[in-house]
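Here's protein_16.cif, which has mmCIF, C-alpha atoms and all ligand atoms:
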```cif
data_protein
loop_
_atom_site.group_PDB
_atom_site.id
_atom_site.type_symbol
_atom_site.label_atom_id
_atom_site.label_comp_id
_atom_site.auth_asym_id
_atom_site.auth_seq_id
_atom_site.Cartn_x
_atom_site.Cartn_y
_atom_site.Cartn_z
ATOM 1 C CA MET A 1 -10.209 12.265 -13.340
ATOM 2 C CA SER A 2 -12.557 9.496 -12.128
ATOM 3 C CA ALA A 3 -16.256 10.224 -11.560
ATOM 4 C CA ILE A 4 -17.051 11.646 -8.160
ATOM 5 C CA PRO A 5 -20.452 11.292 -6.536
ATOM 6 C CA PRO A 6 -22.919 14.186 -6.807
ATOM 7 C CA TYR A 7 -24.402 15.659 -3.647
ATOM 8 C CA PRO A 8 -26.937 13.344 -2.052
ATOM 9 C CA ILE A 9 -30.152 15.051 -0.918
ATOM 10 C CA ALA A 10 -29.400 13.841 2.582
ATOM 11 C CA LEU A 11 -27.453 11.118 4.407
ATOM 12 C CA GLU A 12 -29.265 9.550 7.333
ATOM 13 C CA GLY A 13 -28.075 7.447 10.240
ATOM 14 C CA GLU A 14 -27.054 7.439 13.891
ATOM 15 C CA GLY A 15 -29.871 9.864 14.756
ATOM 16 C CA LEU A 16 -28.507 12.473 12.324
ATOM 17 C CA VAL A 17 -29.343 13.806 8.885
ATOM 18 C CA LEU A 18 -26.359 15.164 6.948
ATOM 19 C CA ARG A 19 -27.458 17.816 4.484
ATOM 20 C CA PRO A 20 -25.550 19.915 1.954
ATOM 21 C CA TRP A 21 -25.180 23.565 2.991
ATOM 22 C CA ASP A 22 -28.182 25.787 2.251
ATOM 23 C CA GLU A 23 -29.224 29.302 3.297
ATOM 24 C CA GLU A 24 -31.156 28.174 6.322
ATOM 25 C CA LEU A 25 -28.335 25.985 7.616
ATOM 26 C CA VAL A 26 -25.788 28.771 7.079
ATOM 27 C CA ALA A 27 -28.009 31.062 9.179
ATOM 28 C CA GLN A 28 -28.123 28.439 11.929
ATOM 29 C CA MET A 29 -24.337 27.981 11.883
ATOM 30 C CA ALA A 30 -23.880 31.766 12.112
ATOM 31 C CA GLY A 31 -25.537 31.541 15.531
ATOM 32 C CA TRP A 32 -23.326 28.731 16.870
ATOM 33 C CA GLY A 33 -21.281 29.295 19.993
ATOM 34 C CA GLU A 34 -17.605 30.065 19.438
ATOM 35 C CA ARG A 35 -14.456 28.733 21.141
ATOM 36 C CA GLY A 36 -11.850 31.336 20.300
ATOM 37 C CA PHE A 37 -8.095 30.676 20.386
ATOM 38 C CA PRO A 38 -6.651 28.158 19.549
ATOM 39 C CA TYR A 39 -9.785 26.834 17.791
ATOM 40 C CA HIS A 40 -10.761 30.253 16.363
ATOM 41 C CA ALA A 41 -10.354 29.106 12.743
ATOM 42 C CA PHE A 42 -13.485 26.952 13.210
ATOM 43 C CA ASP A 43 -15.654 29.781 14.599
ATOM 44 C CA LEU A 44 -18.409 30.865 12.218
ATOM 45 C CA GLY A 45 -19.571 34.216 13.624
ATOM 46 C CA HIS A 46 -18.413 35.866 10.373
ATOM 47 C CA LEU A 47 -21.425 34.213 8.687
ATOM 48 C CA ARG A 48 -23.643 36.800 10.413
ATOM 49 C CA ASP A 49 -22.556 39.215 7.681
ATOM 50 C CA PRO A 50 -25.023 38.508 4.820
ATOM 51 C CA GLU A 51 -22.407 39.117 2.104
ATOM 52 C CA VAL A 52 -19.915 36.757 3.757
ATOM 53 C CA ALA A 53 -22.669 34.164 4.207
ATOM 54 C CA ARG A 54 -23.673 34.436 0.538
ATOM 55 C CA ALA A 55 -20.058 33.999 -0.618
ATOM 56 C CA ALA A 56 -19.503 31.047 1.760
ATOM 57 C CA LEU A 57 -22.621 29.319 0.446
ATOM 58 C CA GLU A 58 -21.535 29.887 -3.134
ATOM 59 C CA ARG A 59 -18.131 28.331 -2.383
ATOM 60 C CA ALA A 60 -19.778 25.423 -0.586
ATOM 61 C CA ARG A 61 -21.937 24.710 -3.638
ATOM 62 C CA ALA A 62 -19.073 24.696 -6.140
ATOM 63 C CA PRO A 63 -19.261 21.394 -8.017
ATOM 64 C CA ARG A 64 -15.803 20.018 -7.135
ATOM 65 C CA PRO A 65 -13.701 18.731 -5.507
ATOM 66 C CA HIS A 66 -15.300 19.222 -2.063
ATOM 67 C CA ARG A 67 -18.557 18.147 -0.437
ATOM 68 C CA HIS A 68 -19.702 20.178 2.573
ATOM 69 C CA PHE A 69 -22.266 18.755 5.002
ATOM 70 C CA VAL A 70 -24.155 19.991 8.036
ATOM 71 C CA ALA A 71 -25.300 17.355 10.522
ATOM 72 C CA CYS A 72 -28.824 17.979 11.842
ATOM 73 C CA GLU A 73 -30.852 16.557 14.711
ATOM 74 C CA ASN A 74 -34.569 17.235 14.277
ATOM 75 C CA GLY A 75 -33.728 20.077 11.893
ATOM 76 C CA ILE A 76 -31.186 21.646 14.273
ATOM 77 C CA ALA A 77 -27.648 22.077 12.899
ATOM 78 C CA VAL A 78 -25.312 20.343 15.379
ATOM 79 C CA GLY A 79 -22.085 19.800 13.439
ATOM 80 C CA ARG A 80 -20.326 20.150 10.109
ATOM 81 C CA VAL A 81 -17.756 18.271 8.066
ATOM 82 C CA SER A 82 -16.254 18.620 4.613
ATOM 83 C CA VAL A 83 -14.485 16.112 2.391
ATOM 84 C CA ASN A 84 -12.129 16.633 -0.530
ATOM 85 C CA LEU A 85 -12.916 13.816 -2.955
ATOM 86 C CA GLU A 86 -9.922 14.454 -5.184
ATOM 87 C CA ASP A 87 -6.966 14.757 -2.839
ATOM 88 C CA PRO A 88 -4.236 12.338 -3.973
ATOM 89 C CA ALA A 89 -3.611 11.308 -0.332
ATOM 90 C CA GLY A 90 -7.123 9.880 0.083
ATOM 91 C CA LEU A 91 -10.685 10.958 0.900
ATOM 92 C CA TYR A 92 -9.627 14.010 2.869
ATOM 93 C CA LEU A 93 -11.879 14.956 5.796
ATOM 94 C CA TRP A 94 -11.614 18.546 7.027
ATOM 95 C CA SER A 95 -13.589 21.230 8.883
ATOM 96 C CA VAL A 96 -14.724 18.691 11.471
ATOM 97 C CA HIS A 97 -16.578 20.966 13.879
ATOM 98 C CA VAL A 98 -19.204 20.561 16.585
ATOM 99 C CA PRO A 99 -20.114 23.773 18.431
ATOM 100 C CA PRO A 100 -19.641 23.808 22.225
ATOM 101 C CA GLU A 101 -23.388 23.620 22.920
ATOM 102 C CA HIS A 102 -23.629 20.252 21.100
ATOM 103 C CA GLU A 103 -20.339 18.752 22.287
ATOM 104 C CA GLY A 104 -20.095 15.547 24.334
ATOM 105 C CA ARG A 105 -22.995 13.645 22.751
ATOM 106 C CA GLY A 106 -21.075 11.808 20.077
ATOM 107 C CA VAL A 107 -22.118 14.142 17.248
ATOM 108 C CA CYS A 108 -18.610 14.129 15.763
ATOM 109 C CA ARG A 109 -18.324 10.322 15.793
ATOM 110 C CA ARG A 110 -21.838 9.811 14.511
ATOM 111 C CA MET A 111 -21.584 12.309 11.640
ATOM 112 C CA LEU A 112 -18.188 11.009 10.506
ATOM 113 C CA ALA A 113 -19.501 7.435 10.625
ATOM 114 C CA VAL A 114 -22.498 8.336 8.445
ATOM 115 C CA LEU A 115 -20.314 10.223 5.960
ATOM 116 C CA MET A 116 -17.658 7.493 5.740
ATOM 117 C CA ARG A 117 -20.244 4.731 5.229
ATOM 118 C CA TRP A 118 -21.663 6.698 2.293
ATOM 119 C CA LEU A 119 -18.207 7.310 0.844
ATOM 120 C CA GLU A 120 -17.244 3.647 1.221
ATOM 121 C CA THR A 121 -20.191 2.822 -1.038
ATOM 122 C CA GLU A 122 -19.782 5.691 -3.503
ATOM 123 C CA VAL A 123 -15.990 5.738 -3.786
ATOM 124 C CA PRO A 124 -14.995 2.185 -2.864
ATOM 125 C CA GLY A 125 -11.453 1.194 -2.003
ATOM 126 C CA ARG A 126 -10.085 4.607 -1.008
ATOM 127 C CA SER A 127 -8.746 5.272 2.468
ATOM 128 C CA PHE A 128 -9.686 8.292 4.592
ATOM 129 C CA VAL A 129 -7.124 10.843 5.658
ATOM 130 C CA LEU A 130 -7.123 13.948 7.834
ATOM 131 C CA THR A 131 -4.658 16.237 9.510
ATOM 132 C CA THR A 132 -5.133 17.399 13.056
ATOM 133 C CA ASN A 133 -3.256 19.760 15.340
ATOM 134 C CA SER A 134 -1.495 17.773 18.061
ATOM 135 C CA PHE A 135 -3.296 19.685 20.845
ATOM 136 C CA ALA A 136 -6.800 18.724 19.592
ATOM 137 C CA GLU A 137 -7.039 15.742 21.931
ATOM 138 C CA ARG A 138 -10.802 15.583 22.013
ATOM 139 C CA ALA A 139 -10.822 15.193 18.239
ATOM 140 C CA HIS A 140 -8.114 12.510 18.408
ATOM 141 C CA ARG A 141 -10.263 10.386 20.752
ATOM 142 C CA ALA A 142 -13.086 10.541 18.219
ATOM 143 C CA TYR A 143 -10.810 9.705 15.281
ATOM 144 C CA ARG A 144 -9.222 6.754 17.098
ATOM 145 C CA ALA A 145 -12.664 5.418 18.027
ATOM 146 C CA LEU A 146 -13.522 5.501 14.333
ATOM 147 C CA GLY A 147 -10.432 3.506 13.335
ATOM 148 C CA PHE A 148 -7.963 6.252 12.398
ATOM 149 C CA THR A 149 -4.309 5.850 13.359
ATOM 150 C CA VAL A 150 -1.449 8.342 13.204
ATOM 151 C CA GLU A 151 0.505 7.803 10.003
ATOM 152 C CA SER A 152 3.043 10.601 10.395
ATOM 153 C CA GLU A 153 3.629 13.911 12.083
ATOM 154 C CA ARG A 154 5.178 17.187 10.970
ATOM 155 C CA TRP A 155 5.553 20.848 11.890
ATOM 156 C CA GLN A 156 3.511 23.118 9.687
ATOM 157 C CA PHE A 157 2.732 26.815 9.222
ATOM 158 C CA ASP A 158 -0.943 27.580 9.805
ATOM 159 C CA PRO A 159 -1.679 31.262 9.103
ATOM 160 C CA ASP A 160 -4.761 31.393 11.379
ATOM 161 C CA LEU A 161 -2.992 29.800 14.306
ATOM 162 C CA ALA A 162 0.131 31.906 13.759
ATOM 163 C CA ALA A 163 -1.950 35.110 13.772
ATOM 164 C CA GLY A 164 -3.593 33.956 17.004
ATOM 165 C CA MET A 165 -0.224 33.238 18.607
ATOM 166 C CA TRP A 166 0.865 36.862 18.228
ATOM 167 C CA ARG A 167 -2.223 37.961 20.182
ATOM 168 C CA ALA A 168 -2.276 35.057 22.678
ATOM 169 C CA SER A 169 -1.763 35.599 26.398
ATOM 170 C CA ALA A 170 1.174 34.020 28.229
ATOM 171 C CA GLU A 171 -1.224 31.397 29.688
ATOM 172 C CA GLN A 172 -2.616 30.535 26.269
ATOM 173 C CA ARG A 173 0.889 30.095 24.866
ATOM 174 C CA GLU A 174 1.928 28.046 27.876
ATOM 175 C CA ALA A 175 -1.008 25.671 27.301
ATOM 176 C CA LEU A 176 0.344 24.938 23.820
ATOM 177 C CA THR A 177 3.851 24.017 24.941
ATOM 178 C CA GLY A 178 5.092 21.113 22.845
ATOM 179 C CA HIS A 179 2.409 21.722 20.222
ATOM 180 C CA VAL A 180 3.572 25.065 18.822
ATOM 181 C CA ARG A 181 7.087 26.351 18.181
ATOM 182 C CA PHE A 182 8.695 29.473 16.773
ATOM 183 C CA ALA A 183 11.005 28.270 14.018
ATOM 184 C CA ASN A 184 12.108 29.456 10.604
ATOM 185 C CA GLY A 185 10.950 32.989 11.516
ATOM 186 C CA ARG A 186 7.331 31.974 12.098
ATOM 187 C CA TRP A 187 4.965 30.077 14.386
ATOM 188 C CA GLU A 188 4.524 26.431 13.442
ATOM 189 C CA VAL A 189 2.116 23.859 14.835
ATOM 190 C CA ARG A 190 2.682 20.124 15.285
ATOM 191 C CA VAL A 191 0.292 18.213 13.088
ATOM 192 C CA PHE A 192 -0.640 14.527 12.929
ATOM 193 C CA VAL A 193 -1.632 12.910 9.662
ATOM 194 C CA MET A 194 -4.215 10.222 10.460
ATOM 195 C CA ARG A 195 -5.530 7.535 8.154
ATOM 196 C CA ARG A 196 -8.365 5.005 8.226
ATOM 197 C CA LEU A 197 -8.596 2.123 5.784
ATOM 198 C CA PRO A 198 -12.060 1.468 4.363
ATOM 199 C CA GLY A 199 -13.941 -1.168 6.337
ATOM 200 C CA THR A 200 -12.036 -0.583 9.591
ATOM 201 C CA PRO A 201 -14.480 -1.109 12.495
ATOM 202 C CA MET A 202 -15.928 2.076 14.005
ATOM 203 C CA HIS A 203 -16.871 2.365 17.694
ATOM 204 C CA ILE A 204 -19.558 4.974 17.883
ATOM 205 C CA GLY A 205 -21.311 4.408 21.203
ATOM 206 C CA PRO A 206 -20.500 6.398 24.331
ATOM 207 C CA ARG A 207 -17.268 5.466 26.106
ATOM 208 C CA ILE A 208 -17.824 3.106 29.043
ATOM 209 C CA GLY A 209 -17.908 5.297 32.117
ATOM 210 C CA ALA A 210 -18.521 8.527 30.129
ATOM 211 C CA THR A 211 -21.234 10.626 31.743
ATOM 212 C CA ALA A 212 -24.006 12.048 29.593
ATOM 213 C CA PRO A 213 -24.505 15.810 30.064
HETATM 214 C C1 LIG B 1 -13.463 17.818 18.314
HETATM 215 C C2 LIG B 1 -14.976 17.962 18.248
HETATM 216 C C3 LIG B 1 -15.424 17.903 16.790
HETATM 217 C C4 LIG B 1 -15.604 16.817 19.052
HETATM 218 O O1 LIG B 1 -17.030 16.861 18.964
HETATM 219 P P1 LIG B 1 -17.951 15.871 19.853
HETATM 220 O O2 LIG B 1 -19.225 15.704 19.126
HETATM 221 O O3 LIG B 1 -18.028 16.381 21.235
HETATM 222 O O4 LIG B 1 -17.059 14.538 19.822
HETATM 223 P P2 LIG B 1 -17.446 12.986 19.997
HETATM 224 O O5 LIG B 1 -18.299 12.486 18.913
HETATM 225 O O6 LIG B 1 -16.147 12.286 20.192
HETATM 226 O O7 LIG B 1 -18.256 12.942 21.341
HETATM 227 C C5 LIG B 1 -17.621 13.356 22.521
HETATM 228 C C6 LIG B 1 -17.946 12.446 23.692
HETATM 229 O O8 LIG B 1 -19.321 12.129 23.730
HETATM 230 C C7 LIG B 1 -19.448 10.775 24.158
HETATM 231 N N1 LIG B 1 -20.802 10.330 23.795
HETATM 232 C C8 LIG B 1 -21.866 10.633 24.525
HETATM 233 N N2 LIG B 1 -22.958 10.118 23.954
HETATM 234 C C9 LIG B 1 -22.585 9.478 22.845
HETATM 235 C C10 LIG B 1 -23.275 8.752 21.832
HETATM 236 N N3 LIG B 1 -24.606 8.601 21.854
HETATM 237 N N4 LIG B 1 -22.571 8.226 20.813
HETATM 238 C C11 LIG B 1 -21.263 8.359 20.781
HETATM 239 N N5 LIG B 1 -20.546 9.059 21.706
HETATM 240 C C12 LIG B 1 -21.206 9.598 22.746
HETATM 241 C C13 LIG B 1 -18.268 10.113 23.477
HETATM 242 O O9 LIG B 1 -17.926 8.902 24.158
HETATM 243 C C14 LIG B 1 -17.181 11.144 23.629
HETATM 244 O O10 LIG B 1 -16.535 10.994 24.881
HETATM 245 P P3 LIG B 1 -15.005 11.407 25.129
HETATM 246 O O11 LIG B 1 -14.774 12.752 24.498
HETATM 247 O O12 LIG B 1 -14.899 11.427 26.595
HETATM 248 O O13 LIG B 1 -14.152 10.359 24.485
HETATM 249 C C15 LIG B 1 -15.427 19.313 18.883
HETATM 250 O O14 LIG B 1 -14.957 19.364 20.215
HETATM 251 C C16 LIG B 1 -14.881 20.524 18.116
HETATM 252 O O15 LIG B 1 -15.464 20.969 17.151
HETATM 253 N N6 LIG B 1 -13.738 21.067 18.583
HETATM 254 C C17 LIG B 1 -13.116 22.249 17.964
HETATM 255 C C18 LIG B 1 -12.700 22.033 16.560
HETATM 256 C C19 LIG B 1 -11.796 20.823 16.394
HETATM 257 O O16 LIG B 1 -10.921 20.557 17.198
HETATM 258 N N7 LIG B 1 -12.022 20.094 15.300
HETATM 259 C C20 LIG B 1 -11.212 18.955 14.935
HETATM 260 C C21 LIG B 1 -10.035 19.437 14.205
HETATM 261 S S1 LIG B 1 -9.030 18.164 13.525
#
```
Show this structure as structure tokens.
Amino acid sequence: MSAIPPYPIALEGEGLVLRPWDEELVAQMAGWGERGFPYHAFDLGHLRDPEVARAALERARAPRPHRHFVACENGIAVGRVSVNLEDPAGLYLWSVHVPPEHEGRGVCRRMLAVLMRWLETEVPGRSFVLTTNSFAERAHRAYRALGFTVESERWQFDPDLAAGMWRASAEQREALTGHVRFANGRWEVRVFVMRRLPGTPMHIGPRIGATAP
């Protein structure tokens, strides 16, 4: 296995500082606002339990193959992202999450740009890959702005989403029409695989005509 970069102390750029998880950041993330279904798998309220928080931090600090970052603005945790450095498909970005109270200010684009610039230097030549549920349109706008394109799509079983579907209201299910299906005896979600080649231009600024909150 080729050498993978150790954790940096911090990655800076675009008005953000990306830091590896620590106790203080985990405590901040435990207080983040939550979205609930169908984004419930991202919600971090479970980190309010000290034992769960301790175990999550221990996992986040495991030496390989993942790197887990929290994006901070003036010491305030405003987003998180993880990357699997050893996935055969590419540098695999996952857990891209900005809580509702920090949405709409380009945190997602800015933190991914900072992380990918670092990775392009540390692990040159590898492309970036991610999977995203087809209903996550806000995320898709950010990924496209950063140079990702859809490489393929598939139906996939996601245990968290499937569990949520059993409890979902008729309106919630209706909103996911075309994105979720019951097939093969289980709920499946439509997923896009998106890829970005290293060096692809990234458009990080606010969209023309977008209104700042
Ligand atoms: C998807 C998610 C990460 C997006 O976070 P975000 O920080 O709001 O996303 P962006 O960086 O794209 O910023 C959003 C908007 O701010 C605008 N913006 C405002 N100021 C900006 C600035 N200074 N720089 C860049 N963009 C700016 C962007 O143009 C963008 O506008 P648009 O959504 O109308 O295209 C967040 O909604 C989330 O966590 N959702 C739930 C979990 C999820 O879906 N994760 C992805 C799974 S694959």
- Task: Check the smallest atom-to-atom distance from each of A:Val123, A:Val98, A:Leu197, A:Val78 to ligand LIG 1 (chain B) using all atoms listed in the file, then report the winner.
- Result: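 Smallest separation from ligand LIG 1 (chain B) among the options: A:Val98.
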Contacts of Ala53 in chain A at 12 Å (all atoms listed in the file; same-chain gap of 2+ positions) as a short mmCIF file (atom, residue, chain, number, x, y, z; two decimals) with C-alpha atoms, in the frame of the given file:
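Saved file result_8.cif follows:
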```cif
data_model
loop_
_atom_site.label_atom_id
_atom_site.label_comp_id
_atom_site.auth_asym_id
_atom_site.auth_seq_id
_atom_site.Cartn_x
_atom_site.Cartn_y
_atom_site.Cartn_z
CA TRP A 21 -25.18 23.56 2.99
CA ASP A 22 -28.18 25.79 2.25
CA GLU A 23 -29.22 29.30 3.30
CA GLU A 24 -31.16 28.17 6.32
CA LEU A 25 -28.34 25.98 7.62
CA VAL A 26 -25.79 28.77 7.08
CA ALA A 27 -28.01 31.06 9.18
CA GLN A 28 -28.12 28.44 11.93
CA MET A 29 -24.34 27.98 11.88
CA ALA A 30 -23.88 31.77 12.11
CA GLY A 31 -25.54 31.54 15.53
CA LEU A 44 -18.41 30.86 12.22
CA GLY A 45 -19.57 34.22 13.62
CA HIS A 46 -18.41 35.87 10.37
CA LEU A 47 -21.42 34.21 8.69
CA ARG A 48 -23.64 36.80 10.41
CA ASP A 49 -22.56 39.22 7.68
CA PRO A 50 -25.02 38.51 4.82
CA GLU A 51 -22.41 39.12 2.10
CA ALA A 55 -20.06 34.00 -0.62
CA ALA A 56 -19.50 31.05 1.76
CA LEU A 57 -22.62 29.32 0.45
CA GLU A 58 -21.54 29.89 -3.13
CA ARG A 59 -18.13 28.33 -2.38
CA ALA A 60 -19.78 25.42 -0.59
#
```
- Item | Given the PyMOL selection byres (((not hetatm)) within 9 of (chain B and resi 1)), the residues it picks as a PyMOL selection string | chain A and resi 14-15+35+38-43+78-80+93-100+102-112+130-143+145+203-213
- Query: Mind pulling up the distance from CA of Asp158 in chain A to CA of Asn184 in chain A?
  - Reply: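 Computing the Euclidean distance for CA of Asn184 in chain A and CA of Asp158 in chain A yields 13.2 Å.
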- Query: Expanded to explicit residues, what is the PyMOL selection byres (((chain A and resi 72-76) around 7) and not hetatm) for this file, as a PyMOL selection string?
  - Reply: chain A and resi 15-18+70-71+77-78
- Compare A:Trp155, A:Tyr7, A:Phe128, A:Tyr92 by their minimum atom-to-atom distance to Ala62 in chain A, counting all atoms listed in the file, and give me the closest one.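 Closest to Ala62 in chain A of all the choices is A:Tyr7.
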- Would you mind telling me which residue in A:Thr121, A:Thr177, A:Asn84, A:Ser169 lies nearest to Pro63 in chain A when using only C-alpha atoms?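 Among the listed residues, A:Asn84 lies closest to Pro63 in chain A.
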- Query: Rounded to one decimal in Å, what is the spacing between CA of His179 in chain A and CA of Arg144 in chain A?
  - Reply: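 Separation between CA of His179 in chain A and CA of Arg144 in chain A: 19.2 Å.
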- Message: Please report the interatomic distance between CA of Pro159 in chain A and CA of His68 in chain A in Å with one decimal.
- Response: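 A separation of 22.1 Å between them.
In terms of minimum interatomic distance to Arg154 in chain A, A:Arg181 ranks closest within A:His66, A:Arg61, A:Arg196, A:Arg181, counting only C-alpha atoms.
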- Query: So, counting all atoms listed in the file, which residue among A:Gly125, A:Gly164, A:Gly90, A:Pro201 is closest to Val189 in chain A?
  - Reply: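 Checking each candidate against Val189 in chain A, we get A:Gly164 as the closest.
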- Task: Determine, counting all atoms listed in the file, which protein, DNA and RNA residues have an atom within 8 Å of an atom of Val180 in chain A; residues of the same chain fewer than 6 positions away are not included. Present the result as a ChimeraX atom specification.
- Result: /A:187-190
Kindly provide, as lines of an AutoDock Vina configuration file, the centre and edge lengths (Å, one decimal) of an axis-aligned box around all atoms of range 50-59 of chain A given in the file, with 6 Å on each side.
```
center_x = -21.6
center_y = 33.7
center_z = 0.8
size_x = 18.9
size_y = 22.8
size_z = 20.0
```
- Hey, which of A:Arg195, A:Leu91, A:Phe37, A:Val52 ends up closest to Arg173 in chain A? Count all atoms listed in the file.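 For Arg173 in chain A, the nearest of the candidates is A:Phe37.
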Give me range 22-35 of chain A with N, CA and C atoms filled in, as an mmCIF file, keeping the file's coordinate frame.
```cif
data_model
loop_
_atom_site.group_PDB
_atom_site.id
_atom_site.type_symbol
_atom_site.label_atom_id
_atom_site.label_comp_id
_atom_site.auth_asym_id
_atom_site.auth_seq_id
_atom_site.Cartn_x
_atom_site.Cartn_y
_atom_site.Cartn_z
ATOM 1 N N ASP A 22 -27.199 24.922 2.902
ATOM 2 C CA ASP A 22 -28.182 25.787 2.251
ATOM 3 C C ASP A 22 -28.325 27.055 3.093
ATOM 4 N N GLU A 23 -29.145 27.995 2.619
ATOM 5 C CA GLU A 23 -29.224 29.302 3.297
ATOM 6 C C GLU A 23 -29.651 29.179 4.748
ATOM 7 N N GLU A 24 -30.622 28.309 4.967
ATOM 8 C CA GLU A 24 -31.156 28.174 6.322
ATOM 9 C C GLU A 24 -30.118 27.576 7.261
ATOM 10 N N LEU A 25 -29.367 26.605 6.775
ATOM 11 C CA LEU A 25 -28.335 25.985 7.616
ATOM 12 C C LEU A 25 -27.187 26.962 7.884
ATOM 13 N N VAL A 26 -26.840 27.764 6.876
ATOM 14 C CA VAL A 26 -25.788 28.771 7.079
ATOM 15 C C VAL A 26 -26.231 29.753 8.168
ATOM 16 N N ALA A 27 -27.506 30.139 8.143
ATOM 17 C CA ALA A 27 -28.009 31.062 9.179
ATOM 18 C C ALA A 27 -27.926 30.406 10.555
ATOM 19 N N GLN A 28 -28.242 29.129 10.627
ATOM 20 C CA GLN A 28 -28.123 28.439 11.929
ATOM 21 C C GLN A 28 -26.672 28.395 12.399
ATOM 22 N N MET A 29 -25.751 28.083 11.489
ATOM 23 C CA MET A 29 -24.337 27.981 11.883
ATOM 24 C C MET A 29 -23.778 29.344 12.312
ATOM 25 N N ALA A 30 -24.327 30.417 11.722
ATOM 26 C CA ALA A 30 -23.880 31.766 12.112
ATOM 27 C C ALA A 30 -24.163 32.028 13.588
ATOM 28 N N GLY A 31 -25.164 31.339 14.130
ATOM 29 C CA GLY A 31 -25.537 31.541 15.531
ATOM 30 C C GLY A 31 -24.862 30.577 16.494
ATOM 31 N N TRP A 32 -24.001 29.701 15.991
ATOM 32 C CA TRP A 32 -23.326 28.731 16.870
ATOM 33 C C TRP A 32 -22.407 29.429 17.867
ATOM 34 N N GLY A 33 -22.254 28.815 19.021
ATOM 35 C CA GLY A 33 -21.281 29.295 19.993
ATOM 36 C C GLY A 33 -19.868 29.185 19.430
ATOM 37 N N GLU A 34 -18.987 30.041 19.942
ATOM 38 C CA GLU A 34 -17.605 30.065 19.438
ATOM 39 C C GLU A 34 -16.637 29.670 20.545
ATOM 40 N N ARG A 35 -15.467 29.167 20.160
ATOM 41 C CA ARG A 35 -14.456 28.733 21.141
ATOM 42 C C ARG A 35 -13.324 29.723 21.294
#
```
